[in-house]
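Peer 1: Input structure: coords09.txt, which contains compact mmCIF, C-alpha atoms and all ligand atoms.
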```txt
# COMPACT_ATOMS: atom_id res chain seq x y z
CA MET L 1 -13.01 -16.93 6.03
CA ILE L 2 -15.62 -15.06 8.08
CA GLU L 3 -19.13 -15.76 6.80
CA THR L 4 -21.73 -13.00 6.68
CA GLN L 5 -24.68 -12.30 4.46
CA LYS L 6 -24.68 -8.59 4.99
CA ASN L 7 -23.25 -6.07 2.57
CA ILE L 8 -21.55 -2.87 3.63
CA VAL L 9 -24.20 -0.18 3.22
CA ASP L 10 -23.98 3.49 4.23
CA LYS L 11 -26.80 5.68 5.53
CA PHE L 12 -27.69 6.76 2.00
CA GLY L 13 -28.22 3.14 0.91
CA ARG L 14 -25.05 2.95 -1.13
CA VAL L 15 -23.66 -0.59 -1.20
CA HIS L 16 -19.87 -0.54 -0.84
CA ASP L 17 -18.43 -3.47 -2.76
CA TYR L 18 -15.24 -1.96 -4.18
CA LEU L 19 -12.08 -1.81 -2.07
CA ARG L 20 -8.99 0.11 -3.13
CA ILE L 21 -5.93 -1.04 -1.23
CA SER L 22 -2.81 1.09 -1.18
CA LEU L 23 0.17 -1.26 -0.98
CA THR L 24 2.72 1.44 -0.28
CA GLU L 25 2.99 5.23 0.04
CA ARG L 26 6.29 5.20 -1.80
CA CYS L 27 6.82 5.62 -5.52
CA ASN L 28 9.52 5.43 -8.17
CA LEU L 29 8.11 8.61 -9.79
CA ARG L 30 7.55 12.07 -8.30
CA CYS L 31 4.56 13.45 -10.26
CA PHE L 32 4.44 17.03 -9.06
CA TYR L 33 0.66 17.04 -8.44
CA CYS L 34 0.83 13.93 -6.26
CA MET L 35 4.18 13.61 -4.53
CA PRO L 36 6.68 16.07 -3.05
CA GLU L 37 9.99 16.24 -4.92
CA GLU L 38 11.91 14.81 -1.96
CA GLY L 39 9.45 11.91 -1.65
CA ILE L 40 7.44 11.24 1.49
CA LYS L 41 8.76 11.00 5.02
CA LEU L 42 10.04 7.52 5.74
CA ARG L 43 8.24 5.78 8.57
CA ASP L 44 8.92 2.65 10.53
CA LYS L 45 8.04 -0.49 8.56
CA ALA L 46 5.93 -1.70 11.49
CA GLU L 47 3.47 1.16 10.87
CA PHE L 48 2.42 -0.46 7.59
CA MET L 49 0.42 -3.59 6.81
CA SER L 50 2.52 -6.66 6.12
CA ALA L 51 1.50 -8.88 3.21
CA GLU L 52 -0.21 -11.29 5.62
CA GLU L 53 -2.12 -8.47 7.33
CA THR L 54 -3.18 -7.05 3.96
CA LEU L 55 -4.50 -10.45 2.92
CA ALA L 56 -6.35 -11.09 6.18
CA ILE L 57 -8.00 -7.66 6.15
CA ALA L 58 -8.89 -8.03 2.46
CA GLN L 59 -10.54 -11.39 3.24
CA THR L 60 -12.74 -9.73 5.87
CA PHE L 61 -13.93 -7.17 3.30
CA VAL L 62 -14.61 -9.93 0.76
CA ALA L 63 -16.68 -11.81 3.35
CA MET L 64 -18.68 -8.58 3.75
CA GLY L 65 -19.59 -8.43 0.08
CA VAL L 66 -16.65 -6.69 -1.57
CA LYS L 67 -16.55 -7.85 -5.19
CA LYS L 68 -13.71 -5.81 -6.60
CA ILE L 69 -10.26 -4.99 -5.24
CA ARG L 70 -7.92 -2.49 -6.86
CA LEU L 71 -4.26 -2.33 -5.85
CA THR L 72 -2.86 1.15 -5.86
CA GLY L 73 -0.45 3.37 -3.95
CA GLY L 74 2.11 5.08 -4.20
CA GLU L 75 3.36 2.65 -6.77
CA PRO L 76 1.91 -0.75 -5.85
CA LEU L 77 4.48 -2.73 -7.84
CA ILE L 78 7.46 -1.47 -5.82
CA LYS L 79 6.01 -3.04 -2.66
CA LYS L 80 8.21 -5.87 -1.46
CA ASN L 81 6.10 -9.03 -1.86
CA ALA L 82 3.90 -7.38 -4.55
CA GLU L 83 4.13 -10.59 -6.58
CA TYR L 84 3.06 -12.76 -3.64
CA LEU L 85 0.20 -10.39 -2.79
CA ILE L 86 -1.10 -10.30 -6.36
CA ARG L 87 -1.01 -14.10 -6.52
CA GLU L 88 -2.79 -14.56 -3.16
CA LEU L 89 -5.39 -11.82 -3.71
CA GLY L 90 -6.06 -13.42 -7.10
CA LYS L 91 -7.33 -16.50 -5.24
CA LEU L 92 -10.14 -14.50 -3.60
CA PRO L 93 -13.55 -14.45 -5.34
CA VAL L 94 -13.14 -10.86 -6.54
CA GLU L 95 -12.30 -8.94 -9.67
CA LEU L 96 -8.69 -7.89 -9.10
CA ALA L 97 -7.39 -4.73 -10.78
CA ILE L 98 -4.35 -2.50 -10.50
CA THR L 99 -3.45 1.16 -11.04
CA THR L 100 0.23 1.62 -11.82
CA ASN L 101 2.74 3.91 -13.47
CA ALA L 102 3.89 0.80 -15.42
CA VAL L 103 7.61 1.54 -14.98
CA ILE L 104 8.37 -2.05 -13.91
CA ILE L 105 5.17 -3.84 -14.95
CA ASP L 106 7.07 -6.00 -17.48
CA ARG L 107 8.25 -8.09 -14.47
CA PHE L 108 4.65 -8.88 -13.48
CA ILE L 109 3.03 -10.07 -16.72
CA ASP L 110 2.91 -13.76 -15.75
CA VAL L 111 1.74 -13.25 -12.17
CA MET L 112 -0.98 -10.84 -13.29
CA LYS L 113 -2.26 -13.43 -15.75
CA GLU L 114 -2.11 -16.11 -13.09
CA ALA L 115 -4.11 -13.88 -10.72
CA GLY L 116 -6.77 -13.31 -13.37
CA ILE L 117 -6.12 -9.57 -13.75
CA LYS L 118 -7.72 -8.45 -17.00
CA ALA L 119 -7.63 -4.66 -16.86
CA ILE L 120 -4.76 -2.38 -15.91
CA ASN L 121 -4.90 1.37 -15.36
CA VAL L 122 -1.69 3.13 -16.34
CA SER L 123 -1.01 6.77 -15.49
CA LEU L 124 0.56 8.77 -18.29
CA ASP L 125 0.16 12.55 -18.36
CA SER L 126 1.97 13.39 -21.57
CA LEU L 127 2.87 11.78 -24.90
CA VAL L 128 5.91 14.03 -25.16
CA GLU L 129 8.95 12.42 -23.55
CA ASP L 130 10.55 15.55 -22.21
CA ARG L 131 7.29 16.87 -20.81
CA PHE L 132 6.34 13.57 -19.19
CA ASN L 133 9.74 13.36 -17.55
CA LYS L 134 9.35 16.90 -16.23
CA ILE L 135 5.89 16.16 -14.79
CA SER L 136 7.08 12.92 -13.16
CA ARG L 137 10.54 14.30 -12.28
CA ARG L 138 12.11 11.03 -13.46
CA ASN L 139 13.18 9.64 -16.86
CA TYR L 140 11.08 6.54 -17.49
CA PHE L 141 8.96 7.62 -20.47
CA VAL L 142 10.54 5.15 -22.91
CA GLU L 143 10.15 2.19 -20.52
CA ILE L 144 6.51 3.09 -19.83
CA MET L 145 5.59 3.33 -23.52
CA LYS L 146 7.31 -0.03 -24.17
CA ASN L 147 5.43 -1.55 -21.27
CA ILE L 148 2.07 -0.24 -22.52
CA ASP L 149 2.79 -2.05 -25.82
CA LEU L 150 3.74 -5.17 -23.89
CA LEU L 151 0.45 -5.09 -21.96
CA LEU L 152 -1.52 -4.73 -25.19
CA GLN L 153 0.42 -7.58 -26.83
CA ASN L 154 -0.53 -9.70 -23.83
CA ASP L 155 -4.23 -8.85 -24.28
CA PHE L 156 -4.73 -6.81 -21.13
CA THR L 157 -7.32 -4.05 -21.31
CA VAL L 158 -5.31 -0.88 -20.80
CA LYS L 159 -6.85 2.30 -19.47
CA ILE L 160 -4.63 5.38 -19.54
CA ASN L 161 -5.18 7.94 -16.75
CA VAL L 162 -4.32 11.49 -17.78
CA VAL L 163 -4.62 14.20 -15.12
CA VAL L 164 -5.32 17.31 -17.20
CA ILE L 165 -3.78 20.48 -15.78
CA ARG L 166 -4.10 23.89 -17.40
CA GLY L 167 -0.86 25.15 -18.88
CA VAL L 168 0.81 21.77 -18.32
CA ASN L 169 -0.75 19.22 -20.71
CA ASP L 170 -4.16 20.60 -21.76
CA ASP L 171 -2.81 21.11 -25.28
CA GLU L 172 -2.46 17.31 -25.67
CA ILE L 173 -6.14 16.32 -25.43
CA ILE L 174 -6.48 15.81 -29.18
CA ASP L 175 -3.11 13.98 -29.40
CA PHE L 176 -4.27 11.52 -26.75
CA ILE L 177 -7.55 10.96 -28.62
CA GLU L 178 -5.66 10.46 -31.89
CA TRP L 179 -3.63 7.75 -30.15
CA THR L 180 -6.89 5.78 -29.69
CA ARG L 181 -7.47 5.64 -33.46
CA ASN L 182 -5.02 2.83 -34.12
CA THR L 183 -4.18 1.64 -30.61
CA ALA L 184 -6.65 -0.14 -28.35
CA VAL L 185 -6.04 2.05 -25.32
CA HIS L 186 -8.82 3.64 -23.27
CA VAL L 187 -7.75 7.15 -22.40
CA ARG L 188 -9.47 8.78 -19.42
CA PHE L 189 -8.98 12.47 -18.83
CA ILE L 190 -9.18 13.24 -15.10
CA GLU L 191 -9.97 16.64 -13.64
CA PHE L 192 -7.10 17.76 -11.39
CA MET L 193 -8.09 17.45 -7.71
CA PRO L 194 -6.85 19.29 -4.60
CA PHE L 195 -4.66 17.43 -2.08
CA ASP L 196 -2.21 18.49 0.57
CA GLY L 197 0.65 20.49 -0.88
CA ASN L 198 -0.24 20.15 -4.58
CA ASN L 199 -0.97 23.87 -5.20
CA TRP L 200 -4.36 23.18 -6.70
CA ASN L 201 -6.65 26.01 -7.65
CA TRP L 202 -9.93 26.16 -9.52
CA GLU L 203 -8.33 27.65 -12.62
CA LYS L 204 -5.80 24.85 -13.01
CA LYS L 205 -8.40 22.13 -13.42
CA VAL L 206 -9.75 21.56 -16.92
CA SER L 207 -13.40 20.65 -16.64
CA TYR L 208 -15.47 17.92 -18.28
CA GLU L 209 -17.36 20.60 -20.24
CA GLU L 210 -14.17 22.18 -21.47
CA ILE L 211 -12.66 18.87 -22.61
CA LEU L 212 -15.88 18.02 -24.43
CA THR L 213 -15.97 21.43 -26.10
CA THR L 214 -12.38 20.97 -27.27
CA THR L 215 -13.16 17.55 -28.76
CA ASN L 216 -16.46 18.67 -30.35
CA ASN L 217 -14.78 21.69 -31.90
CA HIS L 218 -11.99 19.57 -33.30
CA TYR L 219 -13.93 16.59 -34.60
CA GLY L 220 -17.51 17.75 -34.95
CA LYS L 221 -20.24 15.76 -33.21
CA SER L 222 -20.64 13.31 -36.12
CA GLN L 223 -17.14 11.87 -35.52
CA LEU L 224 -17.76 11.15 -31.83
CA TYR L 225 -19.83 8.33 -30.41
CA LYS L 226 -21.08 8.24 -26.84
CA ILE L 227 -20.57 4.82 -25.28
CA GLU L 228 -23.17 3.54 -22.85
CA ASP L 229 -22.00 3.96 -19.24
CA GLN L 230 -21.63 0.94 -16.99
CA PRO L 231 -23.09 1.02 -13.46
CA ASN L 232 -20.69 2.81 -11.06
CA ASP L 233 -18.67 4.10 -14.02
CA THR L 234 -16.84 7.24 -13.03
CA SER L 235 -16.07 8.26 -16.58
CA ARG L 236 -18.30 9.33 -19.43
CA ASN L 237 -16.93 7.49 -22.45
CA PHE L 238 -16.71 8.18 -26.16
CA ARG L 239 -15.23 6.64 -29.29
CA LEU L 240 -13.96 8.21 -32.48
CA LEU L 241 -15.51 6.80 -35.61
CA GLU L 242 -13.79 3.43 -36.34
CA ALA L 243 -11.17 3.91 -33.63
CA LYS L 244 -9.65 0.88 -31.88
CA GLY L 245 -9.60 2.59 -28.50
CA THR L 246 -11.92 4.91 -26.61
CA PHE L 247 -11.66 8.00 -24.46
CA GLY L 248 -13.53 9.22 -21.44
CA ILE L 249 -13.69 12.04 -18.94
CA ILE L 250 -13.66 11.65 -15.17
CA SER L 251 -15.18 14.79 -13.67
CA SER L 252 -13.76 14.23 -10.22
CA VAL L 253 -14.10 17.93 -9.34
CA THR L 254 -17.16 19.24 -11.17
CA ASN L 255 -19.29 16.09 -10.74
CA PRO L 256 -17.63 13.37 -8.65
CA PHE L 257 -20.43 10.75 -9.02
CA CYS L 258 -20.95 10.61 -5.25
CA GLU L 259 -24.55 9.41 -5.60
CA SER L 260 -23.37 6.01 -6.86
CA CYS L 261 -20.14 5.80 -4.86
CA ASN L 262 -19.29 2.20 -3.92
CA ARG L 263 -15.65 2.79 -2.95
CA ILE L 264 -13.76 2.15 0.27
CA ARG L 265 -10.09 3.02 0.57
CA LEU L 266 -7.61 1.19 2.76
CA THR L 267 -4.31 3.05 3.17
CA ALA L 268 -0.93 1.32 3.33
CA ASP L 269 -0.85 1.97 7.09
CA GLY L 270 -4.17 0.18 7.49
CA LYS L 271 -6.60 3.09 7.87
CA ILE L 272 -10.04 3.11 6.26
CA LYS L 273 -10.85 6.29 4.39
CA ASN L 274 -14.56 6.12 3.66
CA CYS L 275 -14.24 8.91 1.07
CA LEU L 276 -11.31 10.32 -0.88
CA PHE L 277 -11.98 13.62 0.91
CA SER L 278 -12.98 12.35 4.34
CA GLN L 279 -11.35 14.22 7.20
CA SER L 280 -11.40 11.23 9.51
CA GLU L 281 -9.89 7.76 9.22
CA THR L 282 -10.50 4.48 11.02
CA ASP L 283 -7.50 2.52 12.23
CA LEU L 284 -8.22 -1.03 11.11
CA LEU L 285 -4.64 -2.29 11.37
CA THR L 286 -4.34 -1.58 15.10
CA ALA L 287 -7.73 -3.21 15.64
CA TYR L 288 -6.53 -6.27 13.69
CA ARG L 289 -3.31 -6.46 15.72
CA ASN L 290 -5.36 -6.25 18.93
CA ASN L 291 -7.51 -9.16 17.75
CA LEU L 292 -10.65 -7.03 17.67
CA GLU L 293 -13.54 -7.99 15.43
CA LEU L 294 -13.14 -5.96 12.24
CA GLU L 295 -16.65 -6.23 10.83
CA PRO L 296 -18.39 -3.79 13.24
CA ILE L 297 -15.50 -1.35 12.90
CA ILE L 298 -15.79 -1.39 9.11
CA ARG L 299 -19.59 -0.93 9.29
CA GLU L 300 -19.23 1.95 11.72
CA SER L 301 -16.70 3.67 9.46
CA ILE L 302 -18.93 3.41 6.38
CA SER L 303 -22.02 4.45 8.34
CA THR L 304 -20.39 7.83 8.99
CA LYS L 305 -19.63 8.42 5.31
CA GLU L 306 -20.80 11.84 4.11
CA LYS L 307 -23.10 12.19 1.14
CA GLU L 308 -20.60 14.02 -1.04
CA ARG L 309 -16.90 14.92 -1.09
CA GLY L 310 -16.30 14.11 2.56
CA GLY L 311 -18.90 16.68 3.57
CA ASN L 312 -17.52 19.53 1.47
CA GLU L 313 -20.25 21.35 -0.46
CA LYS L 314 -18.12 21.72 -3.56
CA PHE L 315 -14.54 22.31 -4.48
CA SER L 316 -13.32 25.88 -4.36
CA ASP L 317 -10.08 27.75 -3.79
CA GLU L 318 -11.13 28.42 -0.17
CA MET L 319 -11.89 24.76 0.41
CA ALA L 320 -8.55 23.69 -1.10
CA GLU L 321 -6.71 26.06 1.23
CA THR L 322 -8.35 24.74 4.37
CA LEU L 323 -8.61 21.10 3.26
CA LYS L 324 -6.91 18.77 5.69
CA ASN L 325 -6.12 15.62 3.75
CA ARG L 326 -3.24 13.36 3.00
CA SER L 327 -1.38 13.77 -0.26
CA MET L 328 -2.74 11.46 -2.98
CA THR L 329 0.28 9.18 -2.81
CA THR L 330 -0.43 8.40 0.86
CA ILE L 331 -4.19 7.87 0.31
CA GLY L 332 -4.04 5.57 -2.68
CA GLY L 333 -5.69 7.09 -5.72
N1 LIG K 401 1.31 5.12 -8.90
C1 LIG K 401 0.14 4.63 -9.50
C2 LIG K 401 -0.26 5.49 -10.69
O1 LIG K 401 0.23 6.60 -10.82
O2 LIG K 401 -1.07 5.01 -11.46
C3 LIG K 401 -1.04 4.48 -8.55
C4 LIG K 401 -1.27 5.55 -7.55
S1 LIG K 401 -1.73 7.15 -8.18
C5 LIG K 401 -1.91 8.09 -6.71
C6 LIG K 401 -3.40 6.82 -8.72
C7 LIG K 401 -4.00 7.81 -9.65
O3 LIG K 401 -4.23 9.02 -8.95
C8 LIG K 401 -3.14 8.17 -10.85
O4 LIG K 401 -3.85 7.93 -12.04
C9 LIG K 401 -2.88 9.63 -10.67
O5 LIG K 401 -2.77 10.30 -11.89
C10 LIG K 401 -4.08 10.08 -9.86
N2 LIG K 401 -3.86 11.33 -9.15
C11 LIG K 401 -2.86 11.63 -8.29
N3 LIG K 401 -2.98 12.89 -7.85
C12 LIG K 401 -4.07 13.41 -8.45
C13 LIG K 401 -4.72 14.69 -8.42
N4 LIG K 401 -4.26 15.68 -7.68
N5 LIG K 401 -5.83 14.87 -9.16
C14 LIG K 401 -6.33 13.86 -9.92
N6 LIG K 401 -5.77 12.64 -10.00
C15 LIG K 401 -4.66 12.42 -9.28
FE1 LIG K 402 3.71 7.96 -8.13
FE2 LIG K 402 1.33 7.54 -9.17
FE3 LIG K 402 1.72 9.64 -7.58
FE4 LIG K 402 2.86 9.64 -9.96
S1 LIG K 402 0.64 9.63 -9.55
S2 LIG K 402 3.87 10.16 -8.01
S3 LIG K 402 3.28 7.51 -10.27
S4 LIG K 402 1.85 7.53 -6.99
FE1 LIG K 403 -17.12 8.68 -3.31
FE2 LIG K 403 -16.13 10.63 -1.82
FE3 LIG K 403 -15.31 10.35 -4.35
FE4 LIG K 403 -17.81 11.24 -3.80
S1 LIG K 403 -15.86 12.28 -3.33
S2 LIG K 403 -17.25 9.68 -5.33
S3 LIG K 403 -18.30 10.05 -1.96
S4 LIG K 403 -15.00 8.89 -2.68
```
Would you put the structure from the file into structure tokens?
Ligand code: SAM
Ligand code: SF4
Ligand code: SF4

Peer 2:
Amino acid sequence: MIETQKNIVDKFGRVHDYLRISLTERCNLRCFYCMPEEGIKLRDKAEFMSAEETLAIAQTFVAMGVKKIRLTGGEPLIKKNAEYLIRELGKLPVELAITTNAVIIDRFIDVMKEAGIKAINVSLDSLVEDRFNKISRRNYFVEIMKNIDLLLQNDFTVKINVVVIRGVNDDEIIDFIEWTRNTAVHVRFIEFMPFDGNNWNWEKKVSYEEILTTTNNHYGKSQLYKIEDQPNDTSRNFRLLEAKGTFGIISSVTNPFCESCNRIRLTADGKIKNCLFSQSETDLLTAYRNNLELEPIIRESISTKEKERGGNEKFSDEMAETLKNRSMTTIGG
């Protein structure tokens, strides 16, 4: 492994020690806010990182101070060799985590334990079967709910990601919180973000303030406890009195926590995105294949990172219309 003492630091002094690797752009669901109905355009396999390339590139980041790696996608678990990759990445001195739709996670319980994965983020946008299946345009609700139970039985920490969209699932906020009363899940409501082709507009997002008002009105402040935030936490977290689980709000649109951002994204085709909303990308895979030294290329990419939202002042309908970005499934959420 390459040895270096230096961390990856941007021009605002933010240390970047968290790498999110997209294993594939493809997915077994078609959530309408993330993925076109027909799926994404198929590309030549050679355009994507092989398992060996993913591992080698990940090792370079770890040698540069990365302490946490999250596997994402698309759906990371449908990647051929996902099991091998999880096992091998688990050998690196990092906290390994995964974000998944959980459709086939029952096949990965043993390897995730072996790799030392403790926490799993599962996306689930509705507790109503029919509605969930409409949002995801597939029929896997029953399997996902069974698999969430299986994860809990196997003592994984389970965070549930709910993208809240007005008129779609915003009437389920209280139902999700009620779920945390007797089940040790950690629900995180995420503000809906704009990406290519997902028809975002300002009105469709449900803000942090609005979610908090809904919960305060329903429970009264005395029923809700604020939980102390961890460093680099992107959610503000709460617990209902005597509940087994918790809930939180990720204000990715109204307050995206850019000031403490420590995240680097590596797409399945080996490009660095230094911000979820960056307009430019750095082709690390081609550099790797040409035997170039990756460290200066990584540093250069992070040194050009904008202060906030890829240089966009704030989200707006105008910005969403002109935004040039990949769809979320090809970035790796
Ligand atoms: N397939 C996996 C899953 O769904 O968990 C991992 C990839 S998915 C792109 C990662 C996360 O991004 C999911 O929690 C998903 O809900 C979130 N996401 C996708 N599109 C989004 C959007 N437009 N706004 C906010 N979150 C979004
Ligand atoms: Fe697939 Fe995740 Fe996107 Fe849904 S949010 S389409 S599960 S990648
Ligand atoms: Fe980090 Fe960019 Fe997200 Fe801000 S918008 S938190 S800088 S990735």

Peer 1: Would you compute, for all listed atoms of ligand LIG 401 (chain K), the axis-aligned bounding box grown by 5 Å on each side, and then report its centre and edge lengths in Å rounded to one decimal, as AutoDock Vina command-line options?

Peer 2:
```
--center_x -2.5 --center_y 10.1 --center_z -9.4 --size_x 17.6 --size_y 21.2 --size_z 15.3
```

Peer 1: Return as a tab-separated table the residues of region 232-300 of chain L lying at most 12 Å from region 177-184 of chain L, together with the closest atom-to-atom pair for each and the distance in Å to one decimal, counting all atoms listed in the file, with rows in chain order and ascending residue number.

Peer 2:
```
residue	atom	partner	partner_atom	distance
L:Asn237	CA	L:Ile177	CA	11.8
L:Phe238	CA	L:Ile177	CA	9.9
L:Arg239	CA	L:Thr180	CA	8.4
L:Leu240	CA	L:Arg181	CA	7.0
L:Leu241	CA	L:Arg181	CA	8.4
L:Glu242	CA	L:Arg181	CA	7.3
L:Ala243	CA	L:Arg181	CA	4.1
L:Lys244	CA	L:Ala184	CA	4.7
L:Gly245	CA	L:Ala184	CA	4.0
L:Thr246	CA	L:Thr180	CA	6.0
L:Phe247	CA	L:Ile177	CA	6.6
L:Gly248	CA	L:Ile177	CA	9.5
L:Ile249	CA	L:Ile177	CA	11.5
```

Peer 1: Show me, as a PyMOL selection string, the residues that have an atom within 8 Å of Thr60 (chain L) when counting all atoms listed in the file, minus same-chain residues fewer than 2 positions from it.

Peer 2: chain L and resi 1-2+56-58+62-64+294-295

Peer 1: Find, counting all atoms listed in the file, the residue in L:Val163, L:Leu19, L:Val103, L:Cys258 that gets nearest to ligand LIG 401 (chain K).

Peer 2: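 Nearest to ligand LIG 401 (chain K): L:Val163.
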
Peer 1: How many Å lie between atom N3 of ligand LIG 401 (chain K) and CA of Glu191 (chain L), rounded to one decimal?

Peer 2: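 These two atoms are separated by 9.8 Å.
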
Peer 1: Quick check, in Å to one decimal: how far apart do CA of Lys205 (chain L) and atom C14 of ligand LIG 401 (chain K) lie?

Peer 2: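 So the answer is 9.2 Å.
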
Peer 1: I'd like the contact shell of Ala46 (chain L) - 12 Å cut-off, all atoms listed in the file, skipping same-chain residues fewer than 2 positions apart - returned as an mmCIF file with C-alpha atoms, in the frame of the given file.

Peer 2:
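Heads up, here's the output in result-v6.cif:
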```
data_model
loop_
_atom_site.group_PDB
_atom_site.id
_atom_site.type_symbol
_atom_site.label_atom_id
_atom_site.label_comp_id
_atom_site.auth_asym_id
_atom_site.auth_seq_id
_atom_site.Cartn_x
_atom_site.Cartn_y
_atom_site.Cartn_z
ATOM 1 C CA LEU L 42 10.040 7.520 5.740
ATOM 2 C CA ARG L 43 8.240 5.780 8.570
ATOM 3 C CA ASP L 44 8.920 2.650 10.530
ATOM 4 C CA PHE L 48 2.420 -0.460 7.590
ATOM 5 C CA MET L 49 0.420 -3.590 6.810
ATOM 6 C CA SER L 50 2.520 -6.660 6.120
ATOM 7 C CA ALA L 51 1.500 -8.880 3.210
ATOM 8 C CA GLU L 53 -2.120 -8.470 7.330
ATOM 9 C CA ALA L 268 -0.930 1.320 3.330
ATOM 10 C CA ASP L 269 -0.850 1.970 7.090
ATOM 11 C CA GLY L 270 -4.170 0.180 7.490
ATOM 12 C CA LEU L 285 -4.640 -2.290 11.370
ATOM 13 C CA THR L 286 -4.340 -1.580 15.100
ATOM 14 C CA ARG L 289 -3.310 -6.460 15.720
#
```

Peer 1: At a cut-off of 7 Å and counting only C-alpha atoms and all ligand atoms, what residues surround ligand LIG 401 (chain K)? Please answer as an NGL selection string.

Peer 2: :L and (27 or 33-34 or 72-76 or 99-101 or 121-123 or 161-163 or 190-195 or 198 or 328-329 or 332-333)

Peer 1: Point out the residue among L:Asn255, L:Asn169, L:Ser222, L:Thr157 with the least atom-to-atom distance to Ala97 (chain L), counting all atoms listed in the file.

Peer 2: L:Thr157

Peer 1: From the options L:Ala287, L:Leu77, L:Ile21, L:Cys31, which residue's atoms come nearest to Asn139 (chain L), counting all atoms listed in the file?

Peer 2: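 Counting all atoms listed in the file, the residue closest to Asn139 (chain L) is L:Cys31.
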
Peer 1: Suppose you want the space between CA of Glu129 (chain L) and CA of Thr330 (chain L); what is it in Å?

Peer 2: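 Taking CA of Glu129 (chain L) and CA of Thr330 (chain L), their separation equals 26.5 Å.
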